Amino acid sequence: MEVQAQERFLRSFTAQALAGEPGWLAEIRREAIESFAELGFPSPTEEEWRQTNVAPITQVPFEPANRDAARISSRAFAESSWSGEAAARLVFVDGYFNPELSLLPEGEAGGVSAGSLGEALAHLGSLGKLGDWLHVYLARSADYRRHAFTALNTALWRDGAYVRIAKGAVIAKPIHMVFLSSARHSPVVSHPRVLVVAERDSQATLIESYAAADGAISFSNAVSEIIAGENSVLDHYKIQTENEHSFHVATLQVYQARAAQFTSCSVALGGSLVRDEVNSVLDAQGAESTLNGLYFATGTQHVDNHTSVDHAQPHGASRQHYNGILGGRAVAVFNGRILVRPNAQKTDAIQKNRNLLLSPDASIDTKPQLEIFADDVRCTHGATIGQMDAEALFYLRSRGIDQMEARQMLVTAFAAEILERVRPTSLRGWIEQQLGRKLVAAFSSQNGSGKGAR
């Protein structure tokens with residue numbers, strides 16, 4: 001099945017007509033598809049994929065999304081995604097830009113330019129400096145030579161979002177990129193692409209949202225590249241609420257210049273099989289990286305989080321804090337890596353992974369890692385796996401709170417360790433609502449099956 005799936009994607013590359021693309025991008029696509037042809041889909045025999053089998057993805061006959069068939073109503077959009085006030089909103093349906101649901105800045109008003117990569121490349125000759133900017137940054141950071149899904153995205157993406165924050169600009173409202181999978185009669189794959197460059201001394205908040213309509217069988221294979229310039233400050237949020245039939249594989253590649261501050265918060269509440277990779281390279285002195293994450297899985301969901309922070313230069317700092325909540329027969333994987341290179345003296349790095357099991361059948365494989373090749377550093381890591389506190393549950397029950405509500409309160413408090421770091425209050429409230437609904441559904445299902453909390 002994997003060979004057949006690989007051949008199907010290779011045929012998609014041969015069939016796609018991308019007239020008008022610049023030669024440099026066509027060459028990158030060619031190299032990427034050759035890499036995918038050589039690599040194939042990752043196997044559990046590979047160390048990085050030992051706990052995650054992608055066979056369920058290869059067994060579904062996904063077809064490329066069709067721009068003309070990509071439709072979703074404004075009501076469906078509002079119900080599936082955070083719709084708070086934003087400096088710019090770029091909405092993509094089945095991988096294609098939807099101008100009717102989007103809000104674009106006028107030119108570079110306010111210091112931000114943003115739009116559709118597909119449309120930009122179609123009019124490259126008239127873009128001037130923007131065209132040169134795309135040539136410099138697009139598909140230059142994410143490694144398509146060694147990572148199969150990144151190679152597949154690089155070869156096959158049709159559209160995506162670009163965002164440029166001008167030097168010294170401070171963008172007060174978030175920039176929201178929304179990727180939706182619509183209800184379809186047949187399984188559909190899309191390859192969302194994001195490119196963000198924050199120039200020197202700029203500040204901005206970025207939100208990536210991924211959702212799928214009820215009943216849609218979809219596969220989102222996403223790649224985001226973020227370049228944080230000198231002294232820039234970027235807050236990044238990724239919210240994934242796709243349905244229980246969907247598959248989601250994503251890579252976030254971050255490059256940080258001198259004294260750049262990058263903070264990311266990943267929230268994964270949906271999907272059948274989910275794999276999220278976050279790779280941050282601190283390539284100059286004084287760079288700081290903070291990676292937060294919250295994942296909730298129940299039923300038979302499988303959620304895999306891989307993080308890598310590469311301290312390549314001295315005086316860097318990083319923090320990683322991921323919390324997982326697992327019920328039913330869900331499986332989660334956390335593999336966090338901190339690499340301190342020989343030249344990266346005075347590195348300060350901390351990594352934590354905490355997991356709460358709501359069911360005796362749920363499981364987590366957690367593997368925090370330190371690889372240190374410098375001697376003047378401060379690095380720590382740790383992981384915990386536990387169940388709901390029986391004493392805390394008894395205390396709440398003794399105050400007249402019923403069991404389901406008491407359990408929900410304790411889980412919400414556990415999740416709050418991460419969610420309190422979400423700065424836009426309206427976004428945090430929206431996430432809390434989504435989590436609350438899933439908790440009610442999970443506990444109701446558990447009570448209906450006659451199983452209690454672990």
# chains A, B, ... in the order shown; residues from 1 in each chain; ligands from 1
>>> residues_around(residues="segment 223-236 of chain A", least_positions_apart="3", cutoff="7 Å", atoms="only C-alpha atoms", output="VMD selection string")
chain A and resid 141 to 142 150 153 192 to 207 250 to 265
>>> write_last_selection(atoms="N, CA and C atoms", output="CSV table (one decimal), in the first residue's frame")
chain,number,residue,atom,x,y,z
A,141,SER,N,14.4,27.1,4.1
A,141,SER,CA,14.7,26.7,5.5
A,141,SER,C,14.3,25.3,5.8
A,142,ALA,N,13.1,24.9,5.5
A,142,ALA,CA,12.6,23.5,5.8
A,142,ALA,C,13.3,22.5,4.9
A,150,THR,N,8.0,16.8,4.2
A,150,THR,CA,8.4,18.2,3.8
A,150,THR,C,8.8,18.2,2.3
A,153,ASN,N,5.4,18.2,0.5
A,153,ASN,CA,4.8,19.5,0.5
A,153,ASN,C,5.5,20.4,-0.5
A,192,PRO,N,-0.7,22.8,2.6
A,192,PRO,CA,-0.6,24.2,2.9
A,192,PRO,C,0.9,24.7,3.1
A,193,ARG,N,1.2,25.8,2.6
A,193,ARG,CA,2.6,26.4,2.8
A,193,ARG,C,2.5,27.8,3.4
A,194,VAL,N,3.4,28.1,4.3
A,194,VAL,CA,3.4,29.4,5.0
A,194,VAL,C,4.8,29.9,5.0
A,195,LEU,N,5.0,31.2,4.6
A,195,LEU,CA,6.3,31.8,4.7
A,195,LEU,C,6.1,33.1,5.5
A,196,VAL,N,6.8,33.3,6.6
A,196,VAL,CA,6.7,34.5,7.4
A,196,VAL,C,8.2,35.0,7.6
A,197,VAL,N,8.4,36.3,7.3
A,197,VAL,CA,9.6,36.9,7.6
A,197,VAL,C,9.4,38.2,8.4
A,198,ALA,N,9.9,38.2,9.6
A,198,ALA,CA,9.8,39.4,10.5
A,198,ALA,C,11.2,40.1,10.4
A,199,GLU,N,11.2,41.3,9.9
A,199,GLU,CA,12.5,42.0,9.7
A,199,GLU,C,12.9,42.6,11.0
A,200,ARG,N,14.1,43.2,11.0
A,200,ARG,CA,14.7,43.7,12.2
A,200,ARG,C,13.9,44.6,13.0
A,201,ASP,N,13.9,44.4,14.4
A,201,ASP,CA,13.2,45.2,15.3
A,201,ASP,C,11.6,45.2,15.2
A,202,SER,N,11.1,44.2,14.5
A,202,SER,CA,9.6,44.2,14.3
A,202,SER,C,9.0,43.3,15.4
A,203,GLN,N,7.7,43.4,15.6
A,203,GLN,CA,6.9,42.7,16.5
A,203,GLN,C,5.6,42.3,15.9
A,204,ALA,N,5.1,41.0,16.1
A,204,ALA,CA,3.9,40.6,15.6
A,204,ALA,C,3.4,39.3,16.3
A,205,THR,N,2.1,39.1,16.1
A,205,THR,CA,1.5,37.8,16.6
A,205,THR,C,0.9,37.1,15.4
A,206,LEU,N,1.2,35.8,15.3
A,206,LEU,CA,0.8,35.0,14.2
A,206,LEU,C,-0.1,33.9,14.7
A,207,ILE,N,-1.2,33.6,14.0
A,207,ILE,CA,-2.0,32.4,14.3
A,207,ILE,C,-2.2,31.6,13.1
A,250,ALA,N,2.7,18.1,10.0
A,250,ALA,CA,3.1,19.5,9.9
A,250,ALA,C,4.5,19.7,10.4
A,251,THR,N,5.2,20.6,9.7
A,251,THR,CA,6.6,21.0,10.1
A,251,THR,C,6.6,22.5,10.2
A,252,LEU,N,7.1,23.0,11.4
A,252,LEU,CA,7.3,24.4,11.6
A,252,LEU,C,8.8,24.6,11.7
A,253,GLN,N,9.4,25.3,10.8
A,253,GLN,CA,10.8,25.5,10.7
A,253,GLN,C,11.1,27.0,11.1
A,254,VAL,N,11.9,27.3,12.1
A,254,VAL,CA,12.1,28.6,12.6
A,254,VAL,C,13.6,28.9,12.6
A,255,TYR,N,13.9,30.1,12.0
A,255,TYR,CA,15.3,30.5,12.0
A,255,TYR,C,15.3,31.9,12.8
A,256,GLN,N,16.2,32.0,13.8
A,256,GLN,CA,16.3,33.1,14.6
A,256,GLN,C,17.7,33.8,14.5
A,257,ALA,N,17.6,35.1,14.3
A,257,ALA,CA,18.8,35.9,14.2
A,257,ALA,C,19.2,36.5,15.6
A,258,ARG,N,20.1,37.4,15.6
A,258,ARG,CA,20.6,37.9,16.9
A,258,ARG,C,19.5,38.5,17.7
A,259,ALA,N,19.4,38.1,19.0
A,259,ALA,CA,18.5,38.6,20.0
A,259,ALA,C,17.0,38.5,19.6
A,260,ALA,N,16.7,37.7,18.6
A,260,ALA,CA,15.3,37.4,18.2
A,260,ALA,C,14.6,36.6,19.3
A,261,GLN,N,13.4,37.0,19.6
A,261,GLN,CA,12.6,36.3,20.6
A,261,GLN,C,11.4,35.6,19.9
A,262,PHE,N,11.3,34.3,19.9
A,262,PHE,CA,10.3,33.6,19.3
A,262,PHE,C,9.5,32.7,20.3
A,263,THR,N,8.2,32.9,20.4
A,263,THR,CA,7.4,32.1,21.3
A,263,THR,C,6.3,31.4,20.5
A,264,SER,N,6.2,30.1,20.7
A,264,SER,CA,5.1,29.3,20.0
A,264,SER,C,4.3,28.6,21.0
A,265,CYS,N,3.0,28.4,20.6
A,265,CYS,CA,2.1,27.6,21.4
A,265,CYS,C,1.3,26.8,20.5
>>> select_by_dssp(residues="segment 144-392 of chain A", states="alpha helix (DSSP H)", output="MDAnalysis selection string")
chainID A and resid 148:156 390:392
>>> write_last_selection(atoms="C-alpha atoms", output="PDB file, in the first residue's frame")
ATOM      1  CA  ALA A 148       9.724  12.875   3.263  1.00  0.00           C
ATOM      2  CA  PHE A 149       6.597  14.853   4.159  1.00  0.00           C
ATOM      3  CA  THR A 150       8.443  18.164   3.815  1.00  0.00           C
ATOM      4  CA  ALA A 151       9.669  17.005   0.412  1.00  0.00           C
ATOM      5  CA  LEU A 152       6.118  16.074  -0.571  1.00  0.00           C
ATOM      6  CA  ASN A 153       4.805  19.485   0.465  1.00  0.00           C
ATOM      7  CA  THR A 154       7.618  21.330  -1.280  1.00  0.00           C
ATOM      8  CA  ALA A 155       6.950  19.473  -4.520  1.00  0.00           C
ATOM      9  CA  LEU A 156       3.147  19.624  -4.499  1.00  0.00           C
ATOM     10  CA  ALA A 390      -7.932  11.268  43.851  1.00  0.00           C
ATOM     11  CA  GLU A 391      -7.697  13.601  46.860  1.00  0.00           C
ATOM     12  CA  ALA A 392      -8.458  16.687  44.762  1.00  0.00           C
TER      13      ALA A 392
END
>>> residues_around(residues="Met404 of chain A", least_positions_apart="5", cutoff="9 Å", atoms="only C-alpha atoms", output="VMD selection string")
chain A and resid 409 440 443 to 444 447
>>> residues_around(residues="Glu34 of chain A", least_positions_apart="6", cutoff="12 Å", atoms="only C-alpha atoms", output="PDB file with N, CA and C atoms, in the first residue's frame")
ATOM      1  N   GLN A   6       2.842   6.104  -2.663  1.00  0.00           N
ATOM      2  CA  GLN A   6       3.962   6.900  -3.147  1.00  0.00           C
ATOM      3  C   GLN A   6       3.841   7.151  -4.646  1.00  0.00           C
ATOM      4  N   PHE A   9       1.269   9.871  -5.424  1.00  0.00           N
ATOM      5  CA  PHE A   9       1.753  11.235  -5.224  1.00  0.00           C
ATOM      6  C   PHE A   9       2.760  11.619  -6.296  1.00  0.00           C
ATOM      7  N   LEU A  10       3.565  10.679  -6.723  1.00  0.00           N
ATOM      8  CA  LEU A  10       4.503  10.974  -7.803  1.00  0.00           C
ATOM      9  C   LEU A  10       3.763  11.315  -9.091  1.00  0.00           C
ATOM     10  N   PHE A  13       2.543  14.878  -9.082  1.00  0.00           N
ATOM     11  CA  PHE A  13       3.560  15.862  -9.464  1.00  0.00           C
ATOM     12  C   PHE A  13       3.682  15.944 -10.983  1.00  0.00           C
ATOM     13  N   THR A  14       3.668  14.795 -11.634  1.00  0.00           N
ATOM     14  CA  THR A  14       3.779  14.765 -13.098  1.00  0.00           C
ATOM     15  C   THR A  14       2.590  15.451 -13.758  1.00  0.00           C
ATOM     16  N   GLU A  27      12.974  24.272 -10.066  1.00  0.00           N
ATOM     17  CA  GLU A  27      14.122  23.418  -9.735  1.00  0.00           C
ATOM     18  C   GLU A  27      14.006  22.874  -8.310  1.00  0.00           C
ATOM     19  N   ILE A  28      13.555  23.698  -7.376  1.00  0.00           N
ATOM     20  CA  ILE A  28      13.352  23.237  -5.998  1.00  0.00           C
ATOM     21  C   ILE A  28      12.298  22.138  -5.956  1.00  0.00           C
ATOM     22  N   GLY A  40      10.691   7.777   0.200  1.00  0.00           N
ATOM     23  CA  GLY A  40       9.447   7.068   0.461  1.00  0.00           C
ATOM     24  C   GLY A  40       8.834   7.538   1.770  1.00  0.00           C
ATOM     25  N   TYR A 144      13.835  19.633   2.779  1.00  0.00           N
ATOM     26  CA  TYR A 144      13.105  18.689   1.936  1.00  0.00           C
ATOM     27  C   TYR A 144      14.009  17.575   1.421  1.00  0.00           C
ATOM     28  N   ARG A 145      15.280  17.630   1.746  1.00  0.00           N
ATOM     29  CA  ARG A 145      16.191  16.590   1.264  1.00  0.00           C
ATOM     30  C   ARG A 145      16.209  15.359   2.172  1.00  0.00           C
ATOM     31  N   ARG A 146      15.863  15.543   3.441  1.00  0.00           N
ATOM     32  CA  ARG A 146      15.931  14.417   4.382  1.00  0.00           C
ATOM     33  C   ARG A 146      14.588  14.051   5.008  1.00  0.00           C
ATOM     34  N   HIS A 147      13.578  14.878   4.804  1.00  0.00           N
ATOM     35  CA  HIS A 147      12.279  14.638   5.446  1.00  0.00           C
ATOM     36  C   HIS A 147      11.205  14.446   4.373  1.00  0.00           C
ATOM     37  N   ALA A 148      10.611  13.265   4.363  1.00  0.00           N
ATOM     38  CA  ALA A 148       9.724  12.875   3.263  1.00  0.00           C
ATOM     39  C   ALA A 148       8.502  13.777   3.140  1.00  0.00           C
ATOM     40  N   ALA A 151       9.396  17.123   1.846  1.00  0.00           N
ATOM     41  CA  ALA A 151       9.669  17.005   0.412  1.00  0.00           C
ATOM     42  C   ALA A 151       8.376  16.959  -0.386  1.00  0.00           C
ATOM     43  N   LEU A 152       7.399  16.194   0.118  1.00  0.00           N
ATOM     44  CA  LEU A 152       6.118  16.074  -0.571  1.00  0.00           C
ATOM     45  C   LEU A 152       5.410  17.420  -0.643  1.00  0.00           C
ATOM     46  N   THR A 154       6.843  20.421  -0.442  1.00  0.00           N
ATOM     47  CA  THR A 154       7.618  21.330  -1.280  1.00  0.00           C
ATOM     48  C   THR A 154       7.374  21.068  -2.758  1.00  0.00           C
ATOM     49  N   ALA A 155       7.194  19.813  -3.117  1.00  0.00           N
ATOM     50  CA  ALA A 155       6.950  19.473  -4.520  1.00  0.00           C
ATOM     51  C   ALA A 155       5.535  19.794  -4.963  1.00  0.00           C
TER      52      ALA A 155
END
>>> closest_residue(among="A:Ala161, A:Leu357, A:Val91, A:Ala297", to="Ser113 of chain A", atoms="only C-alpha atoms")
A:Ala161
>>> atom_distance(atom1="atom CA of Ala317 of chain A", atom2="atom CA of Glu432 of chain A")
29.3 Å
>>> residues_around(residues="segment 416-423 of chain A", least_positions_apart="3", cutoff="8 Å", atoms="only C-alpha atoms", output="list of chain:residue names")
A:Tyr237, A:Cys265, A:Asn292, A:Gly293, A:Leu294, A:His321, A:Tyr322, A:Asn323, A:Thr412, A:Ala413, A:Leu427, A:Arg428, A:Glu432
>>> residues_around(residues="Gly110 of chain A", least_positions_apart="6", cutoff="10 Å", atoms="only C-alpha atoms", output="PyMOL selection string")
chain A and resi 87+165-166+169-172
>>> closest_residue(among="A:Gln51, A:Leu358, A:Ala406, A:Tyr395", to="Asn305 of chain A", atoms="only C-alpha atoms")
A:Gln51
>>> residues_around(residues="Pro61 of chain A", least_positions_apart="2", cutoff="7 Å", atoms="only C-alpha atoms", output="list in words")
Gln59, Glu63 and Pro187 of chain A
